[in-house]
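Data file: upload_19.txt. Format and content: compact mmCIF, C-alpha atoms and all ligand atoms.
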# COMPACT_ATOMS: atom_id res chain seq x y z
CA MET A 1 116.48 78.35 98.57
CA SER A 2 116.50 81.85 100.08
CA ASN A 3 114.19 84.84 99.87
CA PRO A 4 115.66 87.92 98.14
CA GLN A 5 114.46 91.11 99.85
CA ILE A 6 115.03 94.85 99.53
CA LEU A 7 114.98 96.67 102.85
CA LEU A 8 114.78 100.35 103.73
CA LYS A 9 118.26 101.09 105.08
CA ALA A 10 118.10 104.86 105.61
CA ARG A 11 115.57 107.63 105.14
CA PRO A 12 116.41 109.97 102.24
CA ALA A 13 116.45 113.74 102.79
CA GLY A 14 115.58 114.39 99.12
CA ARG A 15 116.18 112.12 96.15
CA PRO A 16 116.54 108.46 97.15
CA GLY A 17 119.70 106.64 96.08
CA PRO A 18 121.16 103.14 96.39
CA GLU A 19 122.48 104.05 99.84
CA HIS A 20 118.91 104.08 101.17
CA PHE A 21 118.22 100.45 100.20
CA GLU A 22 119.77 97.15 101.22
CA PHE A 23 119.56 93.88 99.30
CA VAL A 24 119.55 90.78 101.53
CA GLU A 25 118.95 87.06 101.14
CA SER A 26 116.69 85.89 103.97
CA ALA A 27 115.32 82.53 105.06
CA MET A 28 112.32 81.25 103.10
CA PRO A 29 109.04 82.05 104.86
CA ALA A 30 106.92 79.13 106.12
CA PRO A 31 103.14 79.46 105.85
CA GLY A 32 101.10 78.92 109.01
CA ARG A 33 97.40 78.05 109.41
CA GLY A 34 95.23 80.06 107.01
CA GLU A 35 98.29 81.22 105.08
CA VAL A 36 99.69 80.54 101.63
CA LEU A 37 103.28 80.54 100.39
CA LEU A 38 103.64 82.95 97.49
CA ARG A 39 106.19 83.22 94.76
CA HIS A 40 106.08 86.88 93.69
CA ARG A 41 106.00 87.27 89.92
CA PHE A 42 105.57 91.03 89.50
CA LEU A 43 106.18 93.96 91.87
CA SER A 44 104.50 97.31 91.29
CA LEU A 45 106.63 100.45 91.76
CA ASP A 46 104.55 103.54 92.49
CA PRO A 47 105.16 107.17 93.47
CA TYR A 48 103.51 106.72 96.91
CA MET A 49 106.48 104.61 97.99
CA ARG A 50 108.58 107.75 98.27
CA GLY A 51 106.27 108.91 101.07
CA ARG A 52 106.62 105.59 102.89
CA MET A 53 110.38 106.20 103.09
CA ASP A 54 109.79 109.32 105.24
CA ASP A 55 109.02 109.19 108.92
CA THR A 56 106.19 111.72 108.74
CA ALA A 57 102.52 111.51 109.55
CA SER A 58 100.52 110.50 106.51
CA TYR A 59 97.50 108.40 105.58
CA ALA A 60 99.70 105.28 105.95
CA ALA A 61 102.47 104.33 108.34
CA PRO A 62 106.06 104.65 107.07
CA VAL A 63 108.17 101.60 106.30
CA ALA A 64 110.29 100.86 109.38
CA LEU A 65 114.05 101.22 109.05
CA GLY A 66 115.32 97.72 108.26
CA GLY A 67 111.85 96.69 107.09
CA VAL A 68 110.97 95.27 103.68
CA MET A 69 109.94 98.03 101.25
CA GLU A 70 106.18 98.02 100.71
CA GLY A 71 104.63 97.28 97.36
CA GLU A 72 101.85 95.43 95.62
CA CYS A 73 102.70 92.12 93.97
CA VAL A 74 101.13 89.64 91.64
CA ALA A 75 102.13 86.21 92.84
CA GLU A 76 101.62 82.51 92.30
CA VAL A 77 100.54 80.23 95.14
CA LEU A 78 103.17 77.54 95.82
CA GLU A 79 101.62 75.96 98.95
CA SER A 80 98.32 76.58 100.70
CA GLN A 81 97.00 76.16 104.22
CA HIS A 82 93.86 78.16 103.34
CA ASP A 83 90.71 76.56 101.95
CA GLY A 84 90.20 79.31 99.38
CA PHE A 85 93.55 78.87 97.62
CA ALA A 86 95.37 76.04 95.88
CA PRO A 87 98.86 75.73 94.41
CA GLY A 88 98.88 77.28 90.94
CA ASP A 89 96.41 80.06 91.82
CA TRP A 90 97.41 83.64 91.00
CA VAL A 91 96.79 86.50 93.45
CA ARG A 92 97.38 90.19 94.03
CA GLY A 93 98.44 91.52 97.43
CA ALA A 94 100.61 94.04 99.27
CA ARG A 95 103.54 91.69 99.72
CA GLY A 96 106.54 94.00 99.42
CA TRP A 97 109.85 94.12 97.56
CA GLN A 98 110.77 90.46 97.95
CA GLY A 99 110.76 87.20 96.05
CA PHE A 100 108.51 85.12 98.33
CA SER A 101 106.16 85.65 101.26
CA ALA A 102 103.70 83.84 103.48
CA ALA A 103 100.40 85.68 103.51
CA HIS A 104 97.03 85.14 105.11
CA GLY A 105 94.44 84.26 102.49
CA SER A 106 92.18 87.08 103.65
CA SER A 107 94.79 89.65 102.52
CA LEU A 108 94.87 88.40 98.94
CA VAL A 109 92.68 88.88 95.88
CA LYS A 110 92.56 86.10 93.30
CA ILE A 111 93.21 86.97 89.67
CA PRO A 112 92.59 84.71 86.68
CA LYS A 113 95.29 82.05 86.29
CA ASP A 114 95.57 82.79 82.59
CA GLY A 115 95.32 86.56 83.14
CA GLY A 116 91.76 86.68 81.75
CA GLY A 117 92.81 88.23 78.47
CA VAL A 118 95.46 90.62 79.81
CA SER A 119 98.93 90.16 81.24
CA HIS A 120 99.16 89.18 84.91
CA SER A 121 101.05 92.43 85.51
CA ALA A 122 98.01 94.44 84.33
CA TYR A 123 96.46 93.70 87.75
CA LEU A 124 99.10 96.05 89.19
CA GLY A 125 98.33 98.81 86.67
CA VAL A 126 95.32 99.37 84.50
CA LEU A 127 93.14 96.81 86.38
CA GLY A 128 94.82 97.42 89.74
CA MET A 129 95.41 100.32 92.09
CA PRO A 130 96.33 102.98 89.48
CA GLY A 131 93.39 102.14 87.21
CA THR A 132 91.01 102.16 90.16
CA THR A 133 92.47 105.50 91.24
CA ALA A 134 91.71 106.93 87.81
CA TRP A 135 88.13 105.59 87.97
CA VAL A 136 87.46 107.09 91.42
CA GLY A 137 89.08 110.44 90.62
CA VAL A 138 87.25 110.90 87.34
CA THR A 139 83.80 109.65 88.27
CA GLU A 140 83.49 110.66 91.93
CA ILE A 141 85.49 113.90 92.03
CA GLY A 142 85.83 115.09 88.42
CA ARG A 143 82.12 114.39 87.74
CA PRO A 144 82.64 114.81 83.97
CA LYS A 145 79.87 116.04 81.69
CA PRO A 146 79.78 115.82 77.89
CA GLY A 147 81.64 118.77 76.40
CA ASP A 148 83.72 119.46 79.52
CA VAL A 149 87.35 120.37 78.96
CA PHE A 150 89.24 117.77 81.01
CA VAL A 151 92.97 118.23 81.63
CA VAL A 152 95.14 115.51 83.16
CA SER A 153 98.83 115.68 84.05
CA ALA A 154 101.30 112.76 83.90
CA ALA A 155 99.03 111.75 81.03
CA SER A 156 101.18 108.90 79.80
CA GLY A 157 101.42 107.42 83.29
CA ALA A 158 99.59 104.61 84.99
CA VAL A 159 96.84 106.80 86.48
CA GLY A 160 96.72 109.69 84.02
CA GLY A 161 96.55 107.55 80.91
CA VAL A 162 93.49 105.71 82.23
CA ALA A 163 91.86 108.85 83.66
CA GLY A 164 91.93 110.62 80.32
CA GLN A 165 90.49 107.65 78.47
CA ILE A 166 87.63 107.34 80.98
CA ALA A 167 86.90 111.07 80.59
CA ARG A 168 86.76 110.62 76.80
CA LYS A 169 84.13 107.93 77.32
CA TYR A 170 82.08 110.51 79.27
CA GLY A 171 82.22 112.84 76.26
CA CYS A 172 84.85 115.27 77.50
CA ARG A 173 87.43 117.03 75.39
CA VAL A 174 90.56 115.59 76.97
CA ILE A 175 93.91 117.39 77.04
CA GLY A 176 96.88 115.54 78.48
CA ILE A 177 100.07 117.06 79.84
CA ALA A 178 103.25 114.99 79.58
CA GLY A 179 107.02 115.37 79.42
CA GLY A 180 108.53 115.28 75.95
CA PRO A 181 107.36 114.73 72.37
CA GLU A 182 107.44 110.94 72.49
CA LYS A 183 105.10 110.72 75.48
CA CYS A 184 102.82 113.39 73.98
CA ARG A 185 102.59 111.50 70.68
CA TYR A 186 101.70 108.29 72.54
CA VAL A 187 98.99 110.05 74.55
CA LYS A 188 97.39 111.43 71.40
CA ASP A 189 97.95 108.66 68.88
CA VAL A 190 97.61 105.55 71.05
CA LEU A 191 95.47 106.65 74.01
CA GLY A 192 93.29 108.84 71.78
CA PHE A 193 93.34 112.07 73.80
CA ASP A 194 92.24 115.15 71.85
CA ASP A 195 95.57 116.84 72.52
CA CYS A 196 98.68 116.53 74.68
CA LEU A 197 100.88 119.41 75.80
CA ASP A 198 104.56 119.12 76.67
CA HIS A 199 105.21 120.64 80.11
CA ARG A 200 108.86 121.09 79.16
CA GLY A 201 107.77 123.84 76.73
CA ASP A 202 105.77 127.01 77.43
CA LEU A 203 102.88 125.26 79.18
CA PRO A 204 100.85 128.40 80.02
CA ALA A 205 100.83 129.44 76.35
CA ALA A 206 100.03 125.90 75.20
CA LEU A 207 97.12 125.71 77.66
CA ASP A 208 95.77 129.05 76.44
CA ALA A 209 95.85 127.77 72.88
CA ALA A 210 94.37 124.34 73.67
CA CYS A 211 91.74 125.49 76.19
CA PRO A 212 90.85 129.07 75.20
CA ASP A 213 87.66 129.01 77.30
CA GLY A 214 89.33 127.44 80.32
CA ILE A 215 89.29 124.06 82.02
CA ASP A 216 86.31 122.31 83.64
CA VAL A 217 88.07 119.35 85.24
CA TYR A 218 91.71 118.98 86.23
CA PHE A 219 93.04 115.58 87.27
CA GLU A 220 96.14 116.58 89.24
CA ASN A 221 99.01 114.11 89.34
CA VAL A 222 102.18 116.20 89.46
CA GLY A 223 101.90 119.55 91.32
CA GLY A 224 104.74 122.08 90.98
CA PRO A 225 104.96 124.31 87.90
CA VAL A 226 102.35 122.24 86.01
CA GLN A 227 99.83 122.96 88.75
CA GLU A 228 100.77 126.64 88.74
CA ALA A 229 100.02 126.79 85.02
CA VAL A 230 96.70 124.93 85.22
CA LEU A 231 95.00 126.44 88.30
CA PRO A 232 94.50 130.00 86.98
CA ARG A 233 92.86 128.54 83.88
CA MET A 234 90.11 126.67 85.77
CA ARG A 235 86.56 127.76 84.90
CA ALA A 236 83.85 128.65 87.40
CA PHE A 237 82.37 125.50 88.97
CA GLY A 238 85.35 123.41 87.80
CA ARG A 239 86.42 120.31 89.71
CA ILE A 240 89.94 119.23 90.62
CA ALA A 241 90.70 115.64 91.51
CA PHE A 242 93.79 116.19 93.64
CA CYS A 243 95.26 112.74 93.09
CA GLY A 244 98.94 113.39 93.71
CA SER A 245 101.89 115.72 93.25
CA VAL A 246 104.80 113.52 92.23
CA ALA A 247 106.93 116.50 91.11
CA THR A 248 107.27 117.54 94.75
CA TYR A 249 107.92 114.20 96.46
CA ASN A 250 111.71 114.63 96.48
CA THR A 251 111.71 118.38 97.16
CA ARG A 252 113.35 119.23 100.50
CA PRO A 253 113.00 121.77 101.94
CA LEU A 254 109.54 122.42 100.55
CA PRO A 255 109.18 125.76 98.78
CA PRO A 256 107.47 128.60 100.69
CA GLY A 257 103.70 128.82 100.48
CA PRO A 258 101.00 126.28 101.20
CA ASN A 259 101.87 122.69 100.37
CA LEU A 260 98.73 121.51 98.61
CA SER A 261 99.80 117.86 98.70
CA ILE A 262 98.13 117.81 102.11
CA LEU A 263 94.82 117.80 100.22
CA THR A 264 95.64 114.31 98.99
CA ARG A 265 97.29 113.01 102.14
CA ARG A 266 94.43 114.04 104.42
CA LYS A 267 91.74 113.43 101.76
CA LEU A 268 90.49 117.00 102.20
CA THR A 269 87.63 118.58 100.32
CA LEU A 270 88.43 122.13 99.22
CA GLN A 271 85.61 123.90 97.45
CA GLY A 272 85.35 127.53 96.60
CA PHE A 273 81.92 129.16 96.67
CA ILE A 274 80.15 132.49 96.27
CA VAL A 275 76.98 133.01 98.29
CA SER A 276 75.08 134.60 95.41
CA ASP A 277 75.10 131.24 93.64
CA HIS A 278 72.96 129.84 96.46
CA PRO A 279 69.68 131.81 96.28
CA LEU A 280 67.68 129.05 97.96
CA ALA A 281 69.86 129.28 101.06
CA TRP A 282 68.85 132.88 101.85
CA PRO A 283 65.29 132.28 103.10
CA VAL A 284 66.38 129.06 104.81
CA TRP A 285 69.04 130.88 106.81
CA ARG A 286 66.79 133.87 107.59
CA GLU A 287 64.33 131.54 109.27
CA ARG A 288 66.96 129.36 111.02
CA GLY A 289 69.07 132.36 112.10
CA ALA A 290 66.06 134.30 113.40
CA ALA A 291 64.97 131.33 115.51
CA TRP A 292 68.45 130.97 117.02
CA LEU A 293 68.53 134.71 117.76
CA ARG A 294 65.16 134.44 119.51
CA ASP A 295 66.28 131.55 121.72
CA GLY A 296 69.55 133.32 122.52
CA SER A 297 71.83 130.65 121.08
CA LEU A 298 73.12 132.91 118.27
CA LYS A 299 75.04 136.06 119.25
CA PHE A 300 76.17 138.99 117.16
CA LYS A 301 78.03 142.25 117.57
CA GLU A 302 77.81 145.44 115.55
CA ASP A 303 80.39 148.19 115.16
CA VAL A 304 78.28 151.26 114.33
CA VAL A 305 80.00 154.34 112.92
CA GLU A 306 77.91 157.52 112.74
CA GLY A 307 77.81 159.71 109.62
CA LEU A 308 78.06 158.84 105.94
CA GLN A 309 81.11 161.10 105.68
CA ASN A 310 82.98 158.62 107.89
CA ALA A 311 82.34 155.69 105.56
CA PRO A 312 85.66 155.93 103.63
CA ASP A 313 87.77 155.94 106.81
CA ALA A 314 85.73 153.17 108.36
CA PHE A 315 86.10 151.08 105.22
CA VAL A 316 89.87 151.52 105.14
CA GLY A 317 89.93 150.54 108.82
CA LEU A 318 87.90 147.42 108.05
CA LEU A 319 90.62 146.18 105.74
CA GLU A 320 93.14 146.70 108.54
CA GLY A 321 91.12 144.95 111.23
CA LYS A 322 90.09 148.13 113.06
CA ASN A 323 86.41 147.21 113.20
CA PHE A 324 85.15 144.94 115.96
CA GLY A 325 81.96 143.25 114.81
CA LYS A 326 79.76 143.89 111.78
CA LEU A 327 80.63 147.36 110.53
CA VAL A 328 77.64 149.53 109.64
CA ILE A 329 77.35 153.24 109.06
CA LYS A 330 74.47 155.01 110.77
CA ILE A 331 73.38 157.59 108.25
N1 LIG B 1 95.45 109.44 95.50
C1 LIG B 1 95.66 108.14 95.24
O1 LIG B 1 95.00 107.23 95.76
C2 LIG B 1 96.74 107.80 94.27
C3 LIG B 1 96.88 106.49 93.80
C4 LIG B 1 97.84 106.24 92.83
C5 LIG B 1 98.68 107.25 92.37
N2 LIG B 1 98.52 108.50 92.90
C6 LIG B 1 99.32 109.62 92.41
O2 LIG B 1 99.07 109.76 91.02
C7 LIG B 1 100.20 110.35 90.40
C8 LIG B 1 100.59 109.53 89.19
O3 LIG B 1 100.91 108.21 89.60
P1 LIG B 1 101.22 107.09 88.53
O4 LIG B 1 101.16 105.80 89.22
O5 LIG B 1 100.41 107.32 87.30
O6 LIG B 1 102.74 107.39 88.20
P2 LIG B 1 103.61 107.02 86.94
O7 LIG B 1 102.91 106.22 85.93
O8 LIG B 1 104.85 106.47 87.48
O9 LIG B 1 103.87 108.41 86.32
C9 LIG B 1 104.61 109.35 86.97
C10 LIG B 1 104.83 110.46 85.98
O10 LIG B 1 104.83 111.69 86.64
C11 LIG B 1 105.50 112.63 85.86
N3 LIG B 1 106.47 113.37 86.64
C12 LIG B 1 107.38 112.86 87.48
N4 LIG B 1 108.12 113.87 87.99
C13 LIG B 1 107.65 115.00 87.43
C14 LIG B 1 108.03 116.36 87.53
N5 LIG B 1 109.03 116.74 88.34
N6 LIG B 1 107.30 117.29 86.85
C15 LIG B 1 106.28 116.91 86.06
N7 LIG B 1 105.91 115.62 85.90
C16 LIG B 1 106.58 114.70 86.58
C17 LIG B 1 106.27 111.86 84.79
O11 LIG B 1 105.54 112.00 83.58
P3 LIG B 1 105.92 113.16 82.52
O12 LIG B 1 107.30 112.89 82.08
O13 LIG B 1 104.90 112.98 81.47
O14 LIG B 1 105.80 114.45 83.23
C18 LIG B 1 106.17 110.44 85.27
O15 LIG B 1 106.23 109.53 84.22
C19 LIG B 1 101.26 110.44 91.48
O16 LIG B 1 101.25 111.73 92.01
C20 LIG B 1 100.81 109.45 92.51
O17 LIG B 1 101.31 109.74 93.78
C21 LIG B 1 97.58 108.78 93.82

Final structure tokens representation of the file:
Amino acid sequence: MSNPQILLKARPAGRPGPEHFEFVESAMPAPGRGEVLLRHRFLSLDPYMRGRMDDTASYAAPVALGGVMEGECVAEVLESQHDGFAPGDWVRGARGWQGFSAAHGSSLVKIPKDGGGVSHSAYLGVLGMPGTTAWVGVTEIGRPKPGDVFVVSAASGAVGGVAGQIARKYGCRVIGIAGGPEKCRYVKDVLGFDDCLDHRGDLPAALDAACPDGIDVYFENVGGPVQEAVLPRMRAFGRIAFCGSVATYNTRPLPPGPNLSILTRRKLTLQGFIVSDHPLAWPVWRERGAAWLRDGSLKFKEDVVEGLQNAPDAFVGLLEGKNFGKLVIKI
């Protein structure tokens, strides 16, 4: 018996094709101490894998050229040299695009042998990484409140479909965005979203009609033109769970302007604010700032212009960087 494997043969410059992969038959792996021999039953294919094909800095190392493509599997234990596992057990683990592997028991999570009421493959989707992603993005970042307008892109997908259903359970009005009438019908009729808009049509107009008062939470999965349509429609104090931007993963060179996918890759927090919404901070800062001024650890510089009549010129200069320090007019 041999082990079928798919290797990364070359790094794509844009859209991956068959020339970037290589199918090989390798020797069967042999489990060592603490390891189990796995027969892979299901392999998850996910958008993040496109990033692993590039040799660029990200939150995870790229797949090496000639290495087995990475991916999560649901597998059956054939042999065990680990006390916690026995032949016939079912597990989930990051075992790659291959038919068999030998894995240390500590890297595996057991799943019910009979699936526990769902298919074994569901542990790669709704009860696996994508479902957990939806849960984290909605509850920890979206922070939904009853009555919020919650918009999610790639709404028929593994993450988006779950995210929208969780938001419905929190009492939100949930609007999906998906590609084509069939997906939109599924999102509304089967997943139970309040509405689903087709991004292949006039999405800005559809968003205006579906969310006339704006959007409180956006669960971002695709980026690109969908993102461009949604962002200007966010309401004050809205939240965006910047989960991914699959529409841009094959785009090379990247279009001009900031590439917001870095928000996801570096797990950044980006929050707009206006100081007047923070009245309690004013007296706190006055006291803290005054103390730091007194002990000399806080410095400041003023640019004082004499005469009210000079205010217009000074103001125009301010917008061109001509002031040096806090600009004030001495009247
Ligand atoms: N941050 C995390 O930890 C994390 C974890 C998992 C996934 N993700 C991200 O979550 C997003 C969704 O992942 P998933 O697993 O749900 O994927 P999925 O089920 O495979 O769905 C992907 C969907 O994205 C949409 N799409 C693809 N290209 C598009 C384009 N050019 N323009 C607009 N829509 C496009 C398509 O739906 P339509 O035809 O409906 O547009 C496609 O079906 C991805 O960005 C992924 O990278 C992030």

So, with only C-alpha atoms as the atoms that count, which of A:Ala86, A:Ala57, A:Pro312, A:Gly96 lies closest to A:Ile6?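 Using only C-alpha atoms, the shortest distance to A:Ile6 belongs to A:Gly96.
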
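Among A:Arg239, A:Arg288, A:Arg173, A:Arg252, the residue with the shortest atom-to-atom distance to A:Thr269, counting all atoms listed in the file, is A:Arg239.
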
With distances taken over only C-alpha atoms and all ligand atoms, which residue among A:Gln309, A:Thr56, A:Ser107, A:Thr248 lies nearest ligand LIG 1 (chain B)?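 The closest residue to ligand LIG 1 (chain B) is A:Thr248.
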
Taking all atoms listed in the file into account, which residues have an atom no farther than 7 Å from ligand LIG 1 (chain B)? I'd like them as a ChimeraX atom specification. /A:46-48,129-130,133,154-160,177-180,183,199,221-222,224,226,243-248,264

Could you work out how far atom CA of A:Glu220 lies from atom CA of A:Glu182, giving the answer in Å with one decimal?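 For atom CA of A:Glu182 relative to atom CA of A:Glu220, the distance reads 21.0 Å.
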
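For the set A:Val152, A:Leu108, A:Val305, A:Ile240, the residue with the smallest atom-to-atom gap to A:Gly317 is A:Val305, counting all atoms listed in the file.
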
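Of the listed residues A:Gly67, A:Gly238, A:Gly176, A:Gly117, the one whose atoms come nearest to A:Gly192 is A:Gly176, with distances taken using all atoms listed in the file.
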
Point-to-point distance from atom CA of A:Val126 to atom CA of A:Ala163, Å rounded to tenths: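 Between atom CA of A:Val126 and atom CA of A:Ala163 the gap is 10.1 Å.
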
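Taking atom CA of A:Phe150 as the reference point, atom CA of A:Leu124 is found at 25.2 Å.
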
With a distance cut-off of 9 Å and all atoms listed in the file, select the neighbouring residues of stretch 322-327 of chain A, excluding the residue or stretch itself and same-chain residues fewer than 5 positions from it, and output the selection as a count of residues only. 10

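Ranking A:Met53, A:Tyr59, A:Tyr186, A:Leu38 by their shortest atom-to-atom distance to A:Arg92, with only C-alpha atoms included, puts A:Leu38 first.
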
Assuming 8 Å of padding per side, give the centre and edge lengths of the axis-aligned box around every listed atom of stretch 303-314 of chain A, in Å to one decimal and as JSON.
{"center_x": 82.8, "center_y": 154.6, "center_z": 109.4, "size_x": 26.0, "size_y": 28.9, "size_z": 27.5}

Residues at most 7 Å from A:Val174, counting only C-alpha atoms, excluding those fewer than 5 positions away in the same chain, as a count of residues only? 9

Write out as a list in words the residues lying within 12 Å of A:Tyr170, counting all atoms listed in the file and excluding same-chain residues fewer than 4 positions away.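 With the cut-off at 12 Å, the set is Trp135, Val138, Thr139, Gly142, Arg143, Pro144, Lys145, Pro146, Gly147, Asp148, Val149, Phe150, Ala163, Gly164, Gln165, Ile166 and Val174 of chain A.
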
Stretch 113-115 of chain A environment, 12 Å, only C-alpha atoms, sequence neighbours closer than 6 positions dropped, as a ChimeraX atom specification: /A:74-77,85-92,121-124,127

Close residues, A:Met1 itself excluded, 10 Å, only C-alpha atoms, min 6 positions apart in chain, as a ChimeraX atom specification: /A:25-28
